[in-house]
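Trainee: File start.txt below, compact mmCIF, N, CA, C and O atoms:
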# COMPACT_ATOMS: atom_id res chain seq x y z
N MET A 10 -80.07 21.66 -15.25
CA MET A 10 -79.88 23.04 -14.87
C MET A 10 -81.17 23.57 -14.27
O MET A 10 -82.25 23.34 -14.80
N ILE A 11 -81.05 24.30 -13.19
CA ILE A 11 -82.21 24.87 -12.51
C ILE A 11 -82.53 26.21 -13.16
O ILE A 11 -81.66 27.07 -13.28
N PRO A 12 -83.81 26.38 -13.59
CA PRO A 12 -84.15 27.67 -14.22
C PRO A 12 -84.11 28.78 -13.18
O PRO A 12 -84.37 28.56 -12.00
N PRO A 13 -83.76 29.99 -13.62
CA PRO A 13 -83.70 31.11 -12.68
C PRO A 13 -85.08 31.42 -12.12
O PRO A 13 -86.09 31.24 -12.79
N SER A 14 -85.12 31.88 -10.87
CA SER A 14 -86.39 32.25 -10.28
C SER A 14 -86.83 33.59 -10.84
O SER A 14 -86.00 34.44 -11.17
N PRO A 15 -88.14 33.78 -10.95
CA PRO A 15 -88.61 35.05 -11.49
C PRO A 15 -88.27 36.21 -10.54
O PRO A 15 -88.24 36.05 -9.33
N ARG A 16 -87.99 37.35 -11.12
CA ARG A 16 -87.64 38.54 -10.33
C ARG A 16 -88.89 39.07 -9.65
O ARG A 16 -89.98 39.03 -10.20
N SER A 17 -88.69 39.63 -8.47
CA SER A 17 -89.81 40.25 -7.76
C SER A 17 -89.90 41.74 -8.05
O SER A 17 -90.86 42.39 -7.67
N SER A 18 -88.87 42.29 -8.73
CA SER A 18 -88.88 43.72 -9.07
C SER A 18 -88.17 43.93 -10.41
O SER A 18 -87.43 43.06 -10.86
N GLU A 19 -88.41 45.08 -10.99
CA GLU A 19 -87.76 45.42 -12.25
C GLU A 19 -86.28 45.74 -11.99
O GLU A 19 -85.94 46.29 -10.94
N PRO A 20 -85.41 45.43 -12.94
CA PRO A 20 -84.00 45.80 -12.79
C PRO A 20 -83.85 47.32 -12.69
O PRO A 20 -84.56 48.07 -13.35
N THR A 21 -82.91 47.75 -11.89
CA THR A 21 -82.67 49.19 -11.71
C THR A 21 -81.54 49.65 -12.63
O THR A 21 -80.77 48.83 -13.15
N VAL A 22 -81.43 50.95 -12.79
CA VAL A 22 -80.35 51.52 -13.58
C VAL A 22 -79.01 51.18 -12.93
O VAL A 22 -78.03 50.87 -13.63
N ALA A 23 -78.96 51.20 -11.59
CA ALA A 23 -77.71 50.87 -10.89
C ALA A 23 -77.30 49.42 -11.15
O ALA A 23 -76.11 49.13 -11.36
N GLU A 24 -78.26 48.52 -11.14
CA GLU A 24 -77.95 47.10 -11.40
C GLU A 24 -77.47 46.92 -12.84
O GLU A 24 -76.48 46.23 -13.09
N ALA A 25 -78.14 47.57 -13.77
CA ALA A 25 -77.72 47.49 -15.17
C ALA A 25 -76.33 48.10 -15.34
O ALA A 25 -75.50 47.57 -16.08
N GLY A 26 -76.07 49.19 -14.64
CA GLY A 26 -74.75 49.82 -14.71
C GLY A 26 -73.66 48.92 -14.19
O GLY A 26 -72.56 48.86 -14.76
N ALA A 27 -73.95 48.20 -13.12
CA ALA A 27 -72.97 47.26 -12.56
C ALA A 27 -72.67 46.15 -13.56
O ALA A 27 -71.51 45.78 -13.77
N TRP A 28 -73.71 45.60 -14.18
CA TRP A 28 -73.51 44.55 -15.17
C TRP A 28 -72.78 45.08 -16.40
O TRP A 28 -71.90 44.41 -16.96
N ALA A 29 -73.13 46.28 -16.84
CA ALA A 29 -72.44 46.88 -17.98
C ALA A 29 -70.96 47.04 -17.68
O ALA A 29 -70.10 46.75 -18.53
N ASP A 30 -70.65 47.48 -16.47
CA ASP A 30 -69.25 47.64 -16.06
C ASP A 30 -68.50 46.31 -16.11
O ASP A 30 -67.38 46.22 -16.60
N VAL A 31 -69.14 45.25 -15.62
CA VAL A 31 -68.52 43.92 -15.64
C VAL A 31 -68.28 43.47 -17.08
O VAL A 31 -67.21 42.95 -17.40
N LEU A 32 -69.27 43.66 -17.94
CA LEU A 32 -69.12 43.23 -19.33
C LEU A 32 -67.96 43.95 -20.03
O LEU A 32 -67.21 43.34 -20.79
N VAL A 33 -67.79 45.24 -19.73
CA VAL A 33 -66.70 46.00 -20.34
C VAL A 33 -65.36 45.60 -19.71
O VAL A 33 -64.38 45.37 -20.44
N ARG A 34 -65.30 45.51 -18.39
CA ARG A 34 -64.04 45.16 -17.73
C ARG A 34 -63.56 43.78 -18.15
O ARG A 34 -62.35 43.55 -18.29
N ARG A 35 -64.47 42.84 -18.34
CA ARG A 35 -64.10 41.48 -18.76
C ARG A 35 -63.91 41.38 -20.27
O ARG A 35 -63.70 40.29 -20.80
N ARG A 36 -64.04 42.49 -20.94
CA ARG A 36 -63.88 42.59 -22.39
C ARG A 36 -64.84 41.68 -23.16
O ARG A 36 -64.51 41.10 -24.20
N LEU A 37 -66.06 41.58 -22.62
CA LEU A 37 -67.11 40.82 -23.30
C LEU A 37 -67.88 41.72 -24.25
O LEU A 37 -68.52 41.24 -25.18
N VAL A 38 -67.83 43.02 -23.99
CA VAL A 38 -68.30 44.03 -24.94
C VAL A 38 -67.26 45.15 -24.92
O VAL A 38 -66.52 45.31 -23.94
N HIS A 39 -67.22 45.93 -25.98
CA HIS A 39 -66.24 47.02 -26.05
C HIS A 39 -66.69 48.22 -25.22
O HIS A 39 -65.90 48.84 -24.52
N ALA A 40 -67.98 48.56 -25.31
CA ALA A 40 -68.49 49.72 -24.59
C ALA A 40 -69.96 49.52 -24.27
O ALA A 40 -70.70 48.88 -25.03
N ALA A 41 -70.37 50.07 -23.14
CA ALA A 41 -71.78 50.09 -22.74
C ALA A 41 -72.01 51.40 -22.00
O ALA A 41 -71.41 51.64 -20.95
N VAL A 42 -72.86 52.25 -22.56
CA VAL A 42 -73.04 53.60 -22.04
C VAL A 42 -74.53 53.89 -21.85
O VAL A 42 -75.33 53.61 -22.75
N LEU A 43 -74.87 54.46 -20.71
CA LEU A 43 -76.23 54.89 -20.46
C LEU A 43 -76.45 56.24 -21.14
O LEU A 43 -75.72 57.20 -20.89
N ALA A 44 -77.45 56.32 -22.00
CA ALA A 44 -77.78 57.57 -22.68
C ALA A 44 -78.73 58.39 -21.80
O ALA A 44 -79.41 57.84 -20.93
N PRO A 45 -78.79 59.69 -22.02
CA PRO A 45 -79.70 60.54 -21.23
C PRO A 45 -81.16 60.12 -21.34
O PRO A 45 -81.97 60.43 -20.46
N THR A 46 -81.51 59.41 -22.39
CA THR A 46 -82.90 58.97 -22.60
C THR A 46 -83.26 57.75 -21.77
O THR A 46 -84.40 57.32 -21.76
N GLY A 47 -82.26 57.14 -21.09
CA GLY A 47 -82.51 55.92 -20.33
C GLY A 47 -82.18 54.67 -21.13
O GLY A 47 -82.22 53.56 -20.61
N GLN A 48 -81.87 54.86 -22.41
CA GLN A 48 -81.47 53.74 -23.25
C GLN A 48 -79.99 53.45 -23.00
O GLN A 48 -79.25 54.30 -22.49
N TRP A 49 -79.56 52.25 -23.36
CA TRP A 49 -78.15 51.86 -23.25
C TRP A 49 -77.60 51.66 -24.64
O TRP A 49 -78.23 51.04 -25.49
N LEU A 50 -76.42 52.21 -24.88
CA LEU A 50 -75.73 52.03 -26.15
C LEU A 50 -74.61 51.03 -25.92
O LEU A 50 -73.75 51.24 -25.06
N VAL A 51 -74.64 49.93 -26.66
CA VAL A 51 -73.68 48.84 -26.45
C VAL A 51 -72.98 48.54 -27.77
O VAL A 51 -73.63 48.39 -28.81
N GLN A 52 -71.66 48.46 -27.69
CA GLN A 52 -70.84 48.15 -28.87
C GLN A 52 -70.02 46.91 -28.55
O GLN A 52 -69.28 46.89 -27.58
N GLY A 53 -70.18 45.88 -29.35
CA GLY A 53 -69.48 44.63 -29.11
C GLY A 53 -67.99 44.68 -29.41
O GLY A 53 -67.19 44.08 -28.70
N HIS A 54 -67.61 45.38 -30.46
CA HIS A 54 -66.22 45.49 -30.90
C HIS A 54 -65.93 46.94 -31.24
O HIS A 54 -66.84 47.69 -31.60
N PRO A 55 -64.66 47.36 -31.16
CA PRO A 55 -64.33 48.76 -31.43
C PRO A 55 -64.85 49.27 -32.77
O PRO A 55 -65.26 50.41 -32.89
N ASP A 56 -64.84 48.43 -33.79
CA ASP A 56 -65.31 48.86 -35.11
C ASP A 56 -66.70 48.32 -35.44
O ASP A 56 -67.15 48.42 -36.57
N GLY A 57 -67.37 47.78 -34.43
CA GLY A 57 -68.70 47.20 -34.64
C GLY A 57 -69.80 48.23 -34.55
O GLY A 57 -69.59 49.37 -34.13
N SER A 58 -70.99 47.81 -34.94
CA SER A 58 -72.14 48.71 -34.87
C SER A 58 -72.60 48.85 -33.41
O SER A 58 -72.28 48.02 -32.56
N VAL A 59 -73.33 49.89 -33.14
CA VAL A 59 -73.83 50.17 -31.80
C VAL A 59 -75.26 49.67 -31.70
O VAL A 59 -76.10 49.99 -32.54
N ARG A 60 -75.51 48.87 -30.67
CA ARG A 60 -76.87 48.39 -30.39
C ARG A 60 -77.52 49.34 -29.39
O ARG A 60 -76.87 49.79 -28.46
N VAL A 61 -78.78 49.60 -29.57
CA VAL A 61 -79.53 50.44 -28.64
C VAL A 61 -80.45 49.52 -27.84
O VAL A 61 -81.31 48.84 -28.41
N LEU A 62 -80.24 49.48 -26.53
CA LEU A 62 -81.07 48.68 -25.65
C LEU A 62 -82.05 49.62 -24.94
O LEU A 62 -81.68 50.71 -24.50
N ALA A 63 -83.29 49.19 -24.81
CA ALA A 63 -84.36 50.06 -24.32
C ALA A 63 -84.20 50.46 -22.86
O ALA A 63 -84.62 51.55 -22.48
N GLY A 64 -83.61 49.61 -22.04
CA GLY A 64 -83.50 49.95 -20.62
C GLY A 64 -82.73 48.92 -19.84
O GLY A 64 -82.10 48.01 -20.40
N PRO A 65 -82.78 49.03 -18.51
CA PRO A 65 -82.01 48.13 -17.65
C PRO A 65 -82.32 46.64 -17.86
O PRO A 65 -81.41 45.81 -17.83
N ALA A 66 -83.56 46.31 -18.09
CA ALA A 66 -83.92 44.89 -18.29
C ALA A 66 -83.19 44.31 -19.50
O ALA A 66 -82.76 43.16 -19.48
N ASP A 67 -83.03 45.11 -20.54
CA ASP A 67 -82.34 44.64 -21.74
C ASP A 67 -80.84 44.43 -21.48
O ASP A 67 -80.23 43.52 -22.05
N VAL A 68 -80.25 45.26 -20.62
CA VAL A 68 -78.84 45.07 -20.27
C VAL A 68 -78.68 43.75 -19.51
O VAL A 68 -77.75 42.99 -19.79
N LEU A 69 -79.58 43.47 -18.58
CA LEU A 69 -79.50 42.22 -17.84
C LEU A 69 -79.74 41.02 -18.76
O LEU A 69 -79.09 39.98 -18.61
N GLU A 70 -80.64 41.16 -19.73
CA GLU A 70 -80.85 40.08 -20.71
C GLU A 70 -79.60 39.84 -21.53
O GLU A 70 -79.25 38.69 -21.80
N LEU A 71 -78.92 40.91 -21.93
CA LEU A 71 -77.67 40.77 -22.68
C LEU A 71 -76.62 40.06 -21.84
O LEU A 71 -75.95 39.14 -22.32
N ALA A 72 -76.47 40.46 -20.58
CA ALA A 72 -75.50 39.81 -19.69
C ALA A 72 -75.82 38.33 -19.53
O ALA A 72 -74.92 37.48 -19.58
N ALA A 73 -77.09 38.00 -19.38
CA ALA A 73 -77.50 36.60 -19.23
C ALA A 73 -77.21 35.81 -20.51
O ALA A 73 -76.74 34.67 -20.46
N ALA A 74 -77.47 36.42 -21.66
CA ALA A 74 -77.21 35.74 -22.93
C ALA A 74 -75.72 35.48 -23.12
O ALA A 74 -75.31 34.41 -23.58
N ILE A 75 -74.90 36.46 -22.73
CA ILE A 75 -73.45 36.28 -22.84
C ILE A 75 -72.98 35.18 -21.90
O ILE A 75 -72.17 34.33 -22.28
N GLN A 76 -73.50 35.16 -20.67
CA GLN A 76 -73.14 34.11 -19.72
C GLN A 76 -73.54 32.74 -20.26
O GLN A 76 -72.77 31.78 -20.16
N LEU A 77 -74.74 32.63 -20.80
CA LEU A 77 -75.21 31.35 -21.34
C LEU A 77 -74.32 30.91 -22.49
O LEU A 77 -73.94 29.73 -22.57
N HIS A 78 -73.93 31.84 -23.36
CA HIS A 78 -73.06 31.50 -24.48
C HIS A 78 -71.70 31.00 -23.98
O HIS A 78 -71.18 30.00 -24.48
N ILE A 79 -71.14 31.69 -23.00
CA ILE A 79 -69.85 31.27 -22.44
C ILE A 79 -69.95 29.88 -21.85
O ILE A 79 -69.09 29.02 -22.09
N ARG A 80 -70.99 29.65 -21.08
CA ARG A 80 -71.16 28.34 -20.43
C ARG A 80 -71.41 27.23 -21.43
O ARG A 80 -70.97 26.10 -21.23
N SER A 81 -72.13 27.55 -22.51
CA SER A 81 -72.47 26.50 -23.47
C SER A 81 -71.30 26.16 -24.39
O SER A 81 -71.27 25.08 -24.97
N THR A 82 -70.34 27.08 -24.53
CA THR A 82 -69.20 26.80 -25.40
C THR A 82 -67.96 26.35 -24.62
O THR A 82 -66.98 25.95 -25.23
N ARG A 83 -68.04 26.39 -23.31
CA ARG A 83 -66.91 25.96 -22.46
C ARG A 83 -66.90 24.43 -22.37
O ARG A 83 -67.94 23.82 -22.12
N PRO A 84 -65.76 23.83 -22.58
CA PRO A 84 -65.70 22.38 -22.42
C PRO A 84 -65.96 21.98 -20.97
O PRO A 84 -65.55 22.69 -20.04
N GLU A 85 -66.64 20.90 -20.80
CA GLU A 85 -66.93 20.42 -19.44
C GLU A 85 -65.65 20.01 -18.76
O GLU A 85 -64.82 19.29 -19.30
N SER A 86 -65.46 20.48 -17.53
CA SER A 86 -64.24 20.15 -16.79
C SER A 86 -64.52 19.15 -15.68
O SER A 86 -63.67 18.83 -14.90
N ARG A 87 -65.75 18.67 -15.62
CA ARG A 87 -66.10 17.71 -14.56
C ARG A 87 -66.05 16.30 -15.05
O ARG A 87 -66.26 15.89 -16.06
For the file at hand, write its structure as structure tokens.
Mentor:
Amino acid sequence: MIPPSPRSSEPTVAEAGAWADVLVRRRLVHAAVLAPTGQWLVQGHPDGSVRVLAGPADVLELAAAIQLHIRSTRPESR
């Protein structure tokens, strides 16, 4: 596997919002909401606890971790 290239800029709120939308639409998390403080509130399940993410970079890290988990638990089809 090729490691990801380092980013040349910090993740934006718009980029984090797009990823949060994908995670919710694909039902990988129950809710992801941007708080007025710039933090993100993420809930994995309807009755689960709410995680507070510090900012856009943390949302992208969460999306990457979820993708890695999905890929690592998927049976190889090749």
Trainee: So which residues touch Gly53 in chain A within 8 Å, counting only C-alpha atoms, skipping near sequence neighbours fewer than 4 positions away, as a ChimeraX atom specification?
Mentor: /A:37-40,57-59
Trainee: Can you work out the spacing between CA of Ala72 in chain A and CA of Pro45 in chain A in Å, to one decimal?
Mentor: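 Answer for the CA of Ala72 in chain A to CA of Pro45 in chain A separation: 21.2 Å.
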Trainee: Have a look at CA of Ala29 in chain A and CA of Pro65 in chain A and let me know their distance in Å, one decimal.
Mentor: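 Rounded to one decimal, the two atoms are 9.7 Å apart.
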Trainee: Please measure the separation of CA of Ser81 in chain A and CA of Ala25 in chain A, giving the value in Å to one decimal.
Mentor: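 Separating CA of Ser81 in chain A from CA of Ala25 in chain A is a distance of 23.2 Å.
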Trainee: As a list in words, please: every residue in chain A that DSSP puts in strand (DSSP E).
Mentor: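 Taking chain A and keeping strand (DSSP E) gives Ala40, Ala41, Val42, Leu43, Trp49, Leu50, Val51, Gln52, Val59, Arg60, Val61 and Leu62 of chain A.
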Trainee: When DSSP is applied to the backbone of this structure, which of chain A are assigned helix (DSSP H, G or I)? Write them out as a PyMOL selection string.
Mentor: chain A and resi 22-34+65-82
Trainee: Identify, on the basis of all atoms listed in the file, every residue whose closest approach to Val68 in chain A does not exceed 8 Å; exclude the query and any residue fewer than 5 positions from it along the same chain; express the result as a ChimeraX atom specification.
Mentor: /A:24-26,28-29,49,62-63,73-75
Trainee: From the options A:Thr46, A:Arg16, A:Asp67, A:Val51, which residue's atoms come nearest to Asp30 in chain A, counting only C-alpha atoms?
Mentor: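 So, comparing all the options, the nearest one is A:Val51.
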Trainee: Using all atoms listed in the file, can you tell me which of A:Ala27, A:Ala66, A:Leu77, A:Leu71 comes closest to Gly47 in chain A?
Mentor: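 Of all the options, A:Ala66 lies closest to Gly47 in chain A.
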